[in-house]
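Printed here is my_file_37.csv (CSV, C-alpha atoms):
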```csv
chain,number,residue,atom,x,y,z
A,1,MET,CA,-4.0,29.1,14.8
A,2,ALA,CA,-4.4,25.9,12.7
A,3,ALA,CA,-0.6,25.8,12.1
A,4,GLU,CA,0.0,26.1,15.9
A,5,LEU,CA,-2.4,23.2,16.5
A,6,ASP,CA,-0.6,21.1,13.9
A,7,ILE,CA,2.8,21.8,15.5
A,8,LEU,CA,1.4,20.9,18.9
A,9,GLU,CA,0.0,17.6,17.6
A,10,ILE,CA,3.4,16.8,16.0
A,11,VAL,CA,5.3,17.6,19.3
A,12,LYS,CA,2.8,15.4,21.2
A,13,GLU,CA,3.4,12.5,18.8
A,14,ASP,CA,7.2,13.0,19.0
A,15,ILE,CA,7.0,12.9,22.8
A,16,LEU,CA,5.0,9.7,22.7
A,17,ARG,CA,7.4,8.1,20.2
A,18,ILE,CA,10.4,9.0,22.3
A,19,LEU,CA,8.8,7.6,25.4
A,20,GLY,CA,7.7,4.5,23.5
A,21,GLU,CA,11.2,3.9,22.2
A,22,GLY,CA,12.8,4.6,25.5
A,23,LYS,CA,14.5,1.9,27.5
A,24,LYS,CA,13.8,3.7,30.8
A,25,GLU,CA,10.4,4.1,32.3
A,26,GLU,CA,10.8,7.8,32.7
A,27,ILE,CA,12.6,10.4,30.6
A,28,SER,CA,13.7,13.9,31.6
A,29,ILE,CA,12.1,16.9,30.0
A,30,GLU,CA,15.7,18.1,29.1
A,31,SER,CA,16.3,14.9,27.2
A,32,ILE,CA,12.9,15.4,25.3
A,33,LYS,CA,13.9,19.0,24.5
A,34,SER,CA,17.2,17.8,23.0
A,35,GLU,CA,15.5,15.4,20.7
A,36,ILE,CA,12.6,17.5,19.4
A,37,ASN,CA,13.0,20.4,17.1
A,38,ALA,CA,10.5,22.7,18.7
A,39,SER,CA,10.4,25.6,21.1
A,40,ASP,CA,10.3,25.1,24.8
A,41,LEU,CA,6.9,26.7,24.8
A,42,PHE,CA,5.4,24.1,22.4
A,43,ILE,CA,7.1,21.2,24.4
A,44,SER,CA,5.6,22.6,27.6
A,45,LYS,CA,2.1,22.9,26.1
A,46,ALA,CA,2.4,19.4,24.7
A,47,VAL,CA,3.4,18.0,28.0
A,48,GLU,CA,0.5,19.8,29.7
A,49,GLU,CA,-2.0,18.5,27.2
A,50,LEU,CA,-0.7,14.9,27.4
A,51,GLU,CA,-0.9,15.1,31.2
A,52,ARG,CA,-4.4,16.5,31.1
A,53,GLY,CA,-5.4,13.6,28.8
A,54,LEU,CA,-4.0,11.1,31.4
A,55,ILE,CA,-1.5,9.9,28.8
A,56,ILE,CA,1.7,10.9,30.7
A,57,ILE,CA,2.6,11.5,34.3
A,58,HIS,CA,4.8,14.6,34.9
A,59,HIS,CA,6.7,14.8,38.1
A,60,ASP,CA,9.7,16.9,39.0
A,61,SER,CA,11.5,17.3,35.7
A,62,PHE,CA,10.6,13.8,34.4
A,63,ILE,CA,7.7,12.3,32.4
A,64,SER,CA,6.5,8.7,32.1
A,65,LEU,CA,3.6,7.0,30.3
A,66,THR,CA,0.4,5.9,31.9
A,67,LYS,CA,-1.3,2.6,30.7
A,68,LYS,CA,-3.4,4.7,28.3
A,69,GLY,CA,-0.2,6.5,27.2
A,70,GLU,CA,1.6,3.2,26.5
A,71,GLU,CA,-1.2,2.2,24.0
A,72,ASN,CA,-1.0,5.6,22.3
A,73,ALA,CA,2.9,5.4,22.2
A,74,LYS,CA,2.6,1.9,20.6
A,75,ASP,CA,0.4,3.2,17.9
A,76,VAL,CA,2.8,6.1,17.1
A,77,LEU,CA,5.8,3.8,17.2
A,78,LYS,CA,4.1,1.2,14.9
A,79,LYS,CA,3.3,3.9,12.3
A,80,HIS,CA,7.0,5.1,12.5
A,81,LEU,CA,8.4,1.6,12.1
A,82,VAL,CA,6.1,0.7,9.1
A,83,ILE,CA,7.3,3.9,7.3
A,84,GLU,CA,11.0,3.4,8.2
A,85,ASP,CA,10.9,-0.3,7.1
A,86,TYR,CA,9.4,0.7,3.8
A,87,PHE,CA,12.1,3.2,3.0
A,88,ARG,CA,14.9,0.9,4.4
A,89,GLU,CA,13.7,-1.7,1.9
A,90,LYS,CA,14.4,0.8,-0.9
A,91,ASN,CA,18.0,1.2,0.4
A,92,LYS,CA,17.4,4.6,1.7
A,93,LYS,CA,20.1,5.6,4.2
A,94,ASP,CA,17.8,8.3,5.6
A,95,ALA,CA,14.9,5.9,6.3
A,96,HIS,CA,14.7,6.9,10.0
A,97,LYS,CA,14.8,10.7,9.2
A,98,ILE,CA,12.1,10.2,6.5
A,99,ALA,CA,9.9,8.3,9.0
A,100,HIS,CA,10.2,11.2,11.5
A,101,VAL,CA,8.8,13.5,8.8
A,102,LEU,CA,6.1,11.2,7.5
A,103,GLU,CA,4.7,9.8,10.7
A,104,HIS,CA,2.8,12.9,11.5
A,105,TYR,CA,0.9,13.1,8.2
A,106,VAL,CA,-0.3,9.5,7.5
A,107,SER,CA,-3.6,8.0,8.2
A,108,LYS,CA,-4.4,4.3,8.9
A,109,GLU,CA,-5.4,3.8,5.3
A,110,VAL,CA,-2.0,5.2,4.1
A,111,ILE,CA,-0.1,2.9,6.6
A,112,ASP,CA,-2.1,-0.1,5.2
A,113,ASN,CA,-1.2,1.0,1.6
A,114,ILE,CA,2.5,1.4,2.6
A,115,LYS,CA,2.4,-2.2,3.9
A,116,LYS,CA,0.9,-3.4,0.6
A,117,LEU,CA,3.5,-1.4,-1.6
A,118,SER,CA,6.2,-4.0,-1.0
A,119,THR,CA,4.0,-6.6,-2.7
A,120,PHE,CA,3.5,-4.4,-5.9
A,121,LYS,CA,5.6,-5.3,-8.9
A,122,GLY,CA,8.0,-2.5,-10.0
A,123,GLU,CA,8.7,0.9,-8.7
A,124,GLY,CA,6.1,2.7,-10.7
A,125,VAL,CA,6.5,5.6,-13.1
A,126,PRO,CA,7.1,9.3,-12.6
A,127,LEU,CA,3.8,11.1,-11.8
A,128,ARG,CA,4.0,13.1,-15.0
A,129,GLU,CA,4.0,9.9,-17.1
A,130,PHE,CA,1.0,8.4,-15.3
A,131,GLU,CA,-2.3,8.2,-17.2
A,132,ILE,CA,-5.0,10.9,-16.8
A,133,ASP,CA,-8.0,9.8,-14.7
A,134,LYS,CA,-6.4,6.5,-13.6
A,135,GLU,CA,-6.1,6.0,-9.9
A,136,GLY,CA,-2.7,5.1,-8.6
A,137,VAL,CA,-0.7,4.8,-5.4
A,138,ILE,CA,2.4,6.9,-4.7
A,139,THR,CA,5.3,4.5,-4.2
A,140,ASP,CA,8.2,6.9,-3.7
A,141,ILE,CA,9.2,10.5,-3.3
A,142,THR,CA,12.8,11.3,-4.1
A,143,PHE,CA,13.7,14.8,-3.0
A,144,PRO,CA,17.3,15.3,-1.6
A,145,ASP,CA,16.2,18.6,-0.2
A,146,TYR,CA,14.3,17.9,3.1
A,147,GLY,CA,12.6,21.3,3.0
A,148,VAL,CA,10.9,20.5,-0.3
A,149,PHE,CA,10.2,16.9,0.9
A,150,GLU,CA,8.5,18.2,4.0
A,151,ARG,CA,6.4,20.8,2.0
A,152,ILE,CA,5.3,18.0,-0.4
A,153,ILE,CA,4.4,15.7,2.5
A,154,SER,CA,2.5,18.5,4.3
A,155,MET,CA,0.3,18.9,1.1
A,156,GLY,CA,-0.8,15.2,1.5
A,157,ILE,CA,1.5,13.9,-1.2
A,158,LEU,CA,3.1,10.9,0.4
A,159,PRO,CA,3.9,7.2,-0.2
A,160,GLY,CA,0.9,5.0,0.1
A,161,GLU,CA,-1.5,7.8,-0.7
A,162,LYS,CA,-4.0,7.4,-3.6
A,163,VAL,CA,-3.6,9.9,-6.4
A,164,ARG,CA,-5.4,10.6,-9.7
A,165,ILE,CA,-4.1,13.0,-12.4
A,166,THR,CA,-7.0,15.2,-13.5
A,167,SER,CA,-5.1,17.1,-16.2
A,168,LYS,CA,-1.6,17.7,-17.6
A,169,ILE,CA,-0.6,21.3,-18.0
A,170,PRO,CA,2.5,22.7,-19.8
A,171,ASN,CA,4.4,23.2,-16.6
A,172,GLY,CA,3.2,20.2,-14.7
A,173,VAL,CA,0.2,18.2,-13.6
A,174,VAL,CA,-3.0,18.7,-11.6
A,175,VAL,CA,-3.7,15.8,-9.2
A,176,GLU,CA,-6.5,14.9,-6.9
A,177,ILE,CA,-5.7,13.6,-3.5
A,178,LYS,CA,-8.5,13.1,-0.9
A,179,ASN,CA,-10.9,15.3,-3.0
A,180,LYS,CA,-8.3,18.1,-3.0
A,181,LYS,CA,-6.8,19.3,-6.3
A,182,ILE,CA,-3.1,20.3,-6.3
A,183,ALA,CA,-1.0,21.6,-9.2
A,184,ILE,CA,2.5,20.1,-9.2
A,185,ASP,CA,5.4,21.5,-11.1
A,186,LYS,CA,6.8,19.1,-13.8
A,187,ASN,CA,10.2,19.0,-12.1
A,188,LEU,CA,8.6,17.9,-8.8
A,189,ALA,CA,6.3,15.5,-10.6
A,190,ARG,CA,9.3,13.7,-12.0
A,191,LYS,CA,10.4,12.9,-8.4
A,192,ILE,CA,7.1,11.4,-7.4
A,193,ARG,CA,6.6,7.8,-8.5
A,194,VAL,CA,3.2,6.2,-8.9
A,195,ILE,CA,2.0,2.6,-9.5
A,196,ASP,CA,-1.4,1.5,-10.9
A,197,GLU,CA,-3.4,0.5,-7.8
A,198,LYS,CA,-4.5,-2.7,-9.6
A,199,THR,CA,-0.9,-3.9,-10.4
```

Final structure tokens representation of the file:
Amino acid sequence: MAAELDILEIVKEDILRILGEGKKEEISIESIKSEINASDLFISKAVEELERGLIIIHHDSFISLTKKGEENAKDVLKKHLVIEDYFREKNKKDAHKIAHVLEHYVSKEVIDNIKKLSTFKGEGVPLREFEIDKEGVITDITFPDYGVFERIISMGILPGEKVRITSKIPNGVVVEIKNKKIAIDKNLARKIRVIDEKT
């Protein structure tokens, strides 16, 4: 049930982002379906919830934003653009795709940290090389496999997030993120870069 609610929230944010990016005042449901990687059932549920919340207006086979919806869409779009800009600065050709994944998992604090990351000196060090019990900020995650990238992100391990290594184990590290301890394999830990928060 929790996973279903998560998917529904992601679909709702995607709908708002698409409407917020759109040049037209209204967009067809078919157009939304072609852009979102979710079942028709989830898209229909998301549209119903957004309409009940007075965020969108649904008429015939088109949807448009209300005034309240415009504000919500701006917030989603801002979050997306901050993430995309950060990865574009790092010369990532997939910045837009990465932003689509990350935008659903980041808090306002993480967005603020991502904005600050560009002012930090250096790129940081691989997570496995970071000192135990020192608080750092994740600067980059370099997984060419998007399946692995999405799994790592869904655990709360994302750029701009604060992290602390609680221990190093033979096959990896144990980190604490938002009072949650996570064991990370040493090969994955090499692909996550961290910088001292005070740098």

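If all atoms listed in the file are the atoms counted, then among A:Gly147, A:Arg17, A:Arg128, A:Val137 the closest residue to A:Pro170 is A:Arg128.
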
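Here atom CA of A:Ile63 is placed at a distance of 27.1 Å from atom CA of A:Ser107.
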
Please provide the set of residues having any atom within 10 Å of A:Lys134, restricted to all atoms listed in the file, with same-chain residues fewer than 3 positions apart removed, written as an NGL selection string. :A and (130-131 or 163-166 or 196-197)

Can you work out which one of A:Lys33, A:Lys97, A:Lys168, A:Lys181 has the shortest atom-to-atom distance to A:Phe149, counting all atoms listed in the file? A:Lys97

Calculated over all atoms listed in the file, which of the candidates A:Ser167, A:Ser34, A:Ser64, A:Ser28 has the smallest distance to A:Glu129?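 Residue with the minimum atom-to-atom distance to A:Glu129: A:Ser167.
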
Calculated over all atoms listed in the file, which of the candidates A:Glu176, A:Glu30, A:Asp133, A:Glu35 has the smallest distance to A:Asp14? A:Glu35

So that I can see what lies close to A:Ile157, please list as a PyMOL selection string the residues with an atom at most 12 Å from it, counting all atoms listed in the file and leaving out residues fewer than 4 positions away in the same chain. chain A and resi 102+105-106+110+127+137-142+148-153+161-164+175-178+180-184+188-189+191-194

Got a sec: who's within 9 Å of A:Leu54, counting all atoms listed in the file, leaving out chain neighbours fewer than 4 positions off, as an MDAnalysis selection string? chainID A and resid 49:50 65:69

From A:Ala95, A:Ile43, A:Ile169, A:Ile83, residue lying nearest A:Asn113 [only C-alpha atoms]: A:Ile83

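Between atom CA of A:Ile36 and atom CA of A:Val11 lies a distance of 7.3 Å.
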
Which of these, A:Ile57, A:Val125, A:Leu16, A:Leu158, has the shortest distance to A:Asp75 once you count only C-alpha atoms?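 Of the candidates, the smallest distance to A:Asp75 is held by A:Leu16.
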
Kindly give the distance, in Å, that separates atom CA of A:Val76 and atom CA of A:Asp60, rounded to a single decimal.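 Between atom CA of A:Val76 and atom CA of A:Asp60 the gap works out to 25.4 Å.
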
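Close contacts of A:His80, defined as residues with an atom at most 6 Å away when counting all atoms listed in the file, with chain neighbours fewer than 3 positions off set aside, comprise Leu77, Ile83, Ala99 and Glu103 of chain A.
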